[in-house]
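S.K.: The structure that follows is given in the form of structure tokens.
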Protein chains: 2
Amino acid sequence: MSAPISHDMRDGLREHRRKLTRPRQAILDIIASADHHLTPAAIHKRARKKYPHLGLVTVYRTLDLLTELGYVQRVHFDDGCHSYIAAPHGHAHHLVCSTCGKAQEFSDCDLDALIATLQRKTGFEISVHMLELMGRCPACAASQKALTRQARSQ
Amino acid sequence: MSAPISHDMRDGLREHRRKLTRPRQAILDIIASADHHLTPAAIHKRARKKYPHLGLVTVYRTLDLLTELGYVQRVHFDDGCHSYIAAPHGHAHHLVCSTCGKAQEFSDCDLDALIATLQRKTGFEISVHMLELMGRCPACAASQKALTRQARSQ
DNA sequence: TTCCAACTGAAAATGTTTTTCATTTAGAAA
DNA sequence: TTTCTAAATGAAAAACATTTTCAGTTGGAA
Ligand SMILES: [Mn+2]
Ligand SMILES: [Mn+2]
Ligand SMILES: [Zn+2]
Ligand SMILES: [Zn+2]
């Protein structure tokens with residue numbers, strides 16, 4: 001349940017000769033212990049409880065850094081905004097609940113066959129893919145059903 | 001090669017009881033005849049040549065409308081910005097060249113099996129997916145190779 | 001301890017997208 | 001044709017996420 005990811009991240013920072021500062025610790029801790037994706041603003045808000053001085057700019061800069069180092073993954077939304085979530089090791093994507101924001105990662109995106117076929121057919125050299133799946137998490141689906149049932153019985 | 005799509009779009013507007021205005025015609029024509037994805041700003045710039053009065057706000061509104069009606073598809077970029085491209089009928093995605101912007105659509109995204117498996121494993125009800133593939137188009141790949149060869153021979 | 005590249009926050013700038021609102025217009029109805 | 005009205009428009013301002021700038025601070029190597 002708890003996440004030992006933050007230790008990895010701390011080590012990673014050292015390896016890359018980046019400093020481990022109080023602001024970064026606060027941001028790190030929040031991302032590592034969240035099971036939901038969080039926007040930069042949300043992270044800022046939460047982190048300020050531990051480190052009130054923290055600026056939003058530093059949140060953005062830290063998120064960029066952690067994304068680059070591979071410790072955090074961006075989640076892309078249709079409106080163009082981004083959220084962030086602790087990244088699993090290696091390549092993965094997320095299932096995101098559009099109702100409550102819960103995110104669940106999965107690593108078997110299985111796009112290799114598709115990509116290979118497309119490369120052959122089109123001559124494109126495909127180097128990046130972006131895959132986001134959205135829907136309703138089990139909990140939200142259940143409460144939705146309960147509501148519908150209730151409405152129908154009235 | 002040429003696109004009869006614009007006729008579809010005109011008919012579609014009528015069917016949905018939306019007006020076919022000069023600004024919309026200008027925007028429609030540009031999207032229907034482009035083989036590259038275009039940003040709202042780029043569409044605005046081009047459309048002004050035909051209809052100088054056109055405001056950028058109208059471009060945004062028209063793109064929203066056409067996307068909603070299914071005649072145009074958004075292309076999502078990592079930085080959060082969007083481009084637009086004439087949509088094929090039915091569900092499809094695009095291969096986008098990160099060098100020149102050329103877009104090629106493909107319809108066999110083949111995510112059904114993946115989605116079914118994930119739904120079963122996780123209990124999520126997956127209703128939306130976003131898939132963008134990016135890389136280099138054949139032309140850009142070729143000119144890149146030519147450059148590399150040239151550099152090496154110096 | 002010293003030292004400096006890395007890091008920071010405040011403020012301002014940027015760039016995209018949305019809202020507001022007074023005016024105009026497409027196209028249906030008379 | 002003319003009338004009428006919901007739909008559409010553009011200018012301006014606002015909203016919003018994100019980036020840049022810059023002067024000061026700090027982690028941690030030496
Ligand atoms: Mn997007
Ligand atoms: Mn994105
Ligand atoms: Zn949920
Ligand atoms: Zn290209």
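Simple scheme: letters A, B, ... for chains in structure tokens order, numbers from 1 for residues in each chain, numbers from 1 for ligands in the order shown.
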Superimpose chain A on chain B so that the squared distances between all in-order C-alpha pairs are minimised, and send the result as a short mmCIF file (atom, residue, chain, number, x, y, z; two decimals) with C-alpha atoms, in the first residue's frame.
M.R.:
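Saved as selection-v6.cif:
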data_model
loop_
_atom_site.label_atom_id
_atom_site.label_comp_id
_atom_site.auth_asym_id
_atom_site.auth_seq_id
_atom_site.Cartn_x
_atom_site.Cartn_y
_atom_site.Cartn_z
CA MET A 1 -6.16 13.98 -53.58
CA SER A 2 -8.84 16.68 -53.19
CA ALA A 3 -11.36 16.36 -50.41
CA PRO A 4 -15.10 16.06 -50.91
CA ILE A 5 -15.37 16.12 -47.14
CA SER A 6 -16.46 19.73 -47.08
CA HIS A 7 -19.74 18.81 -48.77
CA ASP A 8 -20.43 16.30 -46.04
CA MET A 9 -19.71 18.95 -43.51
CA ARG A 10 -22.04 21.45 -45.14
CA ASP A 11 -24.83 18.89 -45.21
CA GLY A 12 -24.11 17.95 -41.63
CA LEU A 13 -24.43 21.51 -40.47
CA ARG A 14 -27.84 21.79 -42.11
CA GLU A 15 -28.98 18.54 -40.57
CA HIS A 16 -28.06 19.79 -37.16
CA ARG A 17 -29.82 23.07 -37.77
CA ARG A 18 -26.66 25.02 -37.54
CA LYS A 19 -26.07 27.86 -39.91
CA LEU A 20 -23.63 27.81 -42.76
CA THR A 21 -21.92 31.15 -42.48
CA ARG A 22 -19.06 32.75 -44.39
CA PRO A 23 -16.66 32.36 -41.46
CA ARG A 24 -17.50 28.67 -41.19
CA GLN A 25 -17.09 28.14 -44.88
CA ALA A 26 -13.64 29.64 -44.78
CA ILE A 27 -12.63 27.42 -41.84
CA LEU A 28 -14.22 24.37 -43.37
CA ASP A 29 -12.42 24.79 -46.65
CA ILE A 30 -9.04 25.12 -45.02
CA ILE A 31 -9.37 22.03 -42.88
CA ALA A 32 -10.87 19.94 -45.62
CA SER A 33 -8.08 20.68 -48.05
CA ALA A 34 -5.13 20.39 -45.66
CA ASP A 35 -3.09 17.25 -45.34
CA HIS A 36 -1.41 18.58 -42.23
CA HIS A 37 -2.90 19.19 -38.86
CA LEU A 38 -3.39 22.86 -38.13
CA THR A 39 -3.56 24.84 -34.91
CA PRO A 40 -6.43 27.23 -34.32
CA ALA A 41 -4.03 30.13 -34.83
CA ALA A 42 -2.78 28.69 -38.13
CA ILE A 43 -6.32 28.16 -39.33
CA HIS A 44 -7.18 31.70 -38.36
CA LYS A 45 -4.22 33.08 -40.25
CA ARG A 46 -5.05 31.16 -43.42
CA ALA A 47 -8.77 31.82 -43.27
CA ARG A 48 -8.21 35.55 -42.98
CA LYS A 49 -6.83 35.59 -46.50
CA LYS A 50 -10.30 34.65 -47.74
CA TYR A 51 -12.27 36.37 -45.01
CA PRO A 52 -10.19 39.11 -43.39
CA HIS A 53 -12.79 40.00 -40.83
CA LEU A 54 -12.66 36.60 -39.12
CA GLY A 55 -12.00 36.51 -35.40
CA LEU A 56 -9.96 33.88 -33.62
CA VAL A 57 -12.84 33.28 -31.24
CA THR A 58 -14.97 32.12 -34.11
CA VAL A 59 -12.24 29.70 -35.14
CA TYR A 60 -12.29 28.14 -31.68
CA ARG A 61 -16.05 28.00 -31.64
CA THR A 62 -16.21 26.47 -35.09
CA LEU A 63 -13.58 23.88 -34.25
CA ASP A 64 -15.52 22.86 -31.16
CA LEU A 65 -18.67 22.54 -33.19
CA LEU A 66 -17.07 20.54 -35.97
CA THR A 67 -15.35 18.27 -33.48
CA GLU A 68 -18.65 17.67 -31.75
CA LEU A 69 -20.35 16.87 -35.04
CA GLY A 70 -17.51 14.54 -35.91
CA TYR A 71 -16.20 16.32 -38.97
CA VAL A 72 -12.94 17.31 -37.43
CA GLN A 73 -10.60 15.53 -35.10
CA ARG A 74 -8.36 16.98 -32.45
CA VAL A 75 -4.73 16.00 -32.38
CA HIS A 76 -3.24 16.13 -28.92
CA PHE A 77 0.30 17.24 -28.24
CA ASP A 78 2.54 16.67 -25.33
CA ASP A 79 2.65 20.35 -24.44
CA GLY A 80 -1.10 20.43 -24.11
CA CYS A 81 -1.86 22.27 -27.29
CA HIS A 82 -4.19 21.01 -29.95
CA SER A 83 -4.29 20.86 -33.68
CA TYR A 84 -7.15 19.93 -35.91
CA ILE A 85 -7.51 17.76 -38.96
CA ALA A 86 -10.39 16.61 -41.13
CA ALA A 87 -11.82 13.49 -39.56
CA PRO A 88 -12.38 10.29 -41.43
CA HIS A 89 -15.77 8.74 -40.92
CA GLY A 90 -15.79 6.57 -37.87
CA HIS A 91 -13.13 6.08 -35.27
CA ALA A 92 -9.54 6.82 -36.19
CA HIS A 93 -6.22 8.11 -35.00
CA HIS A 94 -3.30 9.88 -36.53
CA LEU A 95 0.33 9.40 -37.15
CA VAL A 96 1.97 12.78 -36.86
CA CYS A 97 5.41 13.77 -38.08
CA SER A 98 7.19 15.69 -35.34
CA THR A 99 9.41 17.37 -37.89
CA CYS A 100 7.04 18.71 -40.53
CA GLY A 101 3.62 18.12 -39.01
CA LYS A 102 2.34 15.85 -41.74
CA ALA A 103 -0.51 13.74 -40.45
CA GLN A 104 -1.65 10.38 -41.70
CA GLU A 105 -4.74 8.75 -40.38
CA PHE A 106 -5.26 5.12 -39.57
CA SER A 107 -8.40 3.43 -38.40
CA ASP A 108 -7.31 0.02 -37.20
CA CYS A 109 -6.19 1.08 -33.74
CA ASP A 110 -6.87 -2.41 -32.46
CA LEU A 111 -7.28 -1.43 -28.86
CA ASP A 112 -10.38 -3.52 -28.28
CA ALA A 113 -8.54 -6.58 -27.04
CA LEU A 114 -6.36 -4.50 -24.75
CA ILE A 115 -9.33 -2.62 -23.41
CA ALA A 116 -11.34 -5.76 -22.82
CA THR A 117 -8.48 -7.35 -20.92
CA LEU A 118 -7.95 -4.28 -18.80
CA GLN A 119 -11.64 -3.98 -18.00
CA ARG A 120 -11.68 -7.56 -16.84
CA LYS A 121 -8.50 -7.24 -14.80
CA THR A 122 -9.20 -3.89 -13.19
CA GLY A 123 -12.95 -3.48 -13.05
CA PHE A 124 -12.69 -0.09 -14.74
CA GLU A 125 -15.32 0.75 -17.31
CA ILE A 126 -13.23 2.23 -20.09
CA SER A 127 -15.16 4.67 -22.23
CA VAL A 128 -12.58 6.92 -23.85
CA HIS A 129 -9.18 6.38 -25.30
CA MET A 130 -6.64 8.78 -26.60
CA LEU A 131 -3.91 7.43 -28.83
CA GLU A 132 -1.36 9.54 -30.62
CA LEU A 133 1.61 8.20 -32.50
CA MET A 134 4.46 10.50 -33.34
CA GLY A 135 7.63 10.10 -35.30
CA ARG A 136 9.14 10.97 -38.62
CA CYS A 137 7.36 10.83 -41.93
CA PRO A 138 9.09 9.11 -44.86
CA ALA A 139 10.14 12.42 -46.41
CA CYS A 140 11.64 13.83 -43.24
CA ALA A 141 13.35 10.54 -42.44
CA ALA A 142 14.93 10.55 -45.88
CA SER A 143 16.21 14.11 -45.67
CA GLN A 144 17.55 13.42 -42.20
CA LYS A 145 19.48 10.46 -43.55
CA ALA A 146 20.82 12.52 -46.41
CA LEU A 147 22.09 15.14 -43.97
CA THR A 148 23.78 12.54 -41.78
CA ARG A 149 25.47 10.99 -44.78
CA GLN A 150 26.69 14.38 -45.93
CA ALA A 151 28.04 15.27 -42.47
CA ARG A 152 29.88 11.97 -42.21
CA SER A 153 31.56 12.40 -45.58
CA GLN A 154 33.01 15.81 -44.70
#
S.K.: When you look at range 13-21 of chain D with a cut-off of 8 Å (counting only C-alpha atoms (C1' of nucleotides)), what residues show up, excluding the ones that are within fewer than 2 positions of it in the same chain? I need them as a ChimeraX atom specification.
M.R.: /A:81 /C:13-14,18-19
S.K.: Can you tell me, as an mmCIF file with C-alpha atoms, in the first residue's frame, which residues in range 73-133 of chain A count as strand (DSSP E or B) by DSSP?
M.R.:
data_model
loop_
_atom_site.group_PDB
_atom_site.id
_atom_site.type_symbol
_atom_site.label_atom_id
_atom_site.label_comp_id
_atom_site.auth_asym_id
_atom_site.auth_seq_id
_atom_site.Cartn_x
_atom_site.Cartn_y
_atom_site.Cartn_z
ATOM 1 C CA GLN A 73 4.643 10.292 -15.369
ATOM 2 C CA ARG A 74 2.438 12.881 -16.981
ATOM 3 C CA VAL A 75 -1.197 12.105 -17.533
ATOM 4 C CA HIS A 76 -2.646 13.922 -20.500
ATOM 5 C CA HIS A 82 -1.668 17.671 -17.223
ATOM 6 C CA SER A 83 -1.609 15.718 -14.043
ATOM 7 C CA TYR A 84 1.221 13.782 -12.528
ATOM 8 C CA ILE A 85 1.534 10.404 -10.922
ATOM 9 C CA ALA A 86 4.375 8.297 -9.572
ATOM 10 C CA HIS A 93 0.194 3.919 -19.082
ATOM 11 C CA HIS A 94 -2.719 4.755 -16.901
ATOM 12 C CA LEU A 95 -6.363 4.077 -16.612
ATOM 13 C CA VAL A 96 -7.973 7.195 -15.232
ATOM 14 C CA CYS A 97 -11.414 7.508 -13.694
ATOM 15 C CA LYS A 102 -8.360 7.508 -9.475
ATOM 16 C CA ALA A 103 -5.517 6.250 -11.611
ATOM 17 C CA GLN A 104 -4.419 2.693 -12.151
ATOM 18 C CA GLU A 105 -1.329 1.876 -14.086
ATOM 19 C CA PHE A 106 -0.834 -0.908 -16.562
ATOM 20 C CA GLU A 125 9.416 5.994 -38.072
ATOM 21 C CA ILE A 126 7.316 5.961 -34.940
ATOM 22 C CA SER A 127 9.245 7.021 -31.874
ATOM 23 C CA VAL A 128 6.667 8.225 -29.373
ATOM 24 C CA HIS A 129 3.246 7.089 -28.386
ATOM 25 C CA MET A 130 0.707 8.584 -26.094
ATOM 26 C CA LEU A 131 -2.054 6.357 -24.820
ATOM 27 C CA GLU A 132 -4.604 7.363 -22.240
ATOM 28 C CA LEU A 133 -7.604 5.312 -21.266
#
S.K.: What is the distance, in Å and to one decimal place, between C1' of DG10 in chain D and atom 1 (Mn, counted along the ligand's line) of ligand 1?
M.R.: 26.2 Å
S.K.: If you measure from C1' of DC21 in chain C to C1' of DA6 in chain D, what distance in Å do you get, rounded to one decimal?
M.R.: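 For C1' of DC21 in chain C relative to C1' of DA6 in chain D, the distance reads 16.3 Å.
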S.K.: Within 9 Å of chain A, which residues belong to chain C? Use only C-alpha atoms (C1' of nucleotides) and report them as a list in words.
M.R.: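 Only these qualify: DA6, DC7, DT8, DG9 and DA10 of chain C.
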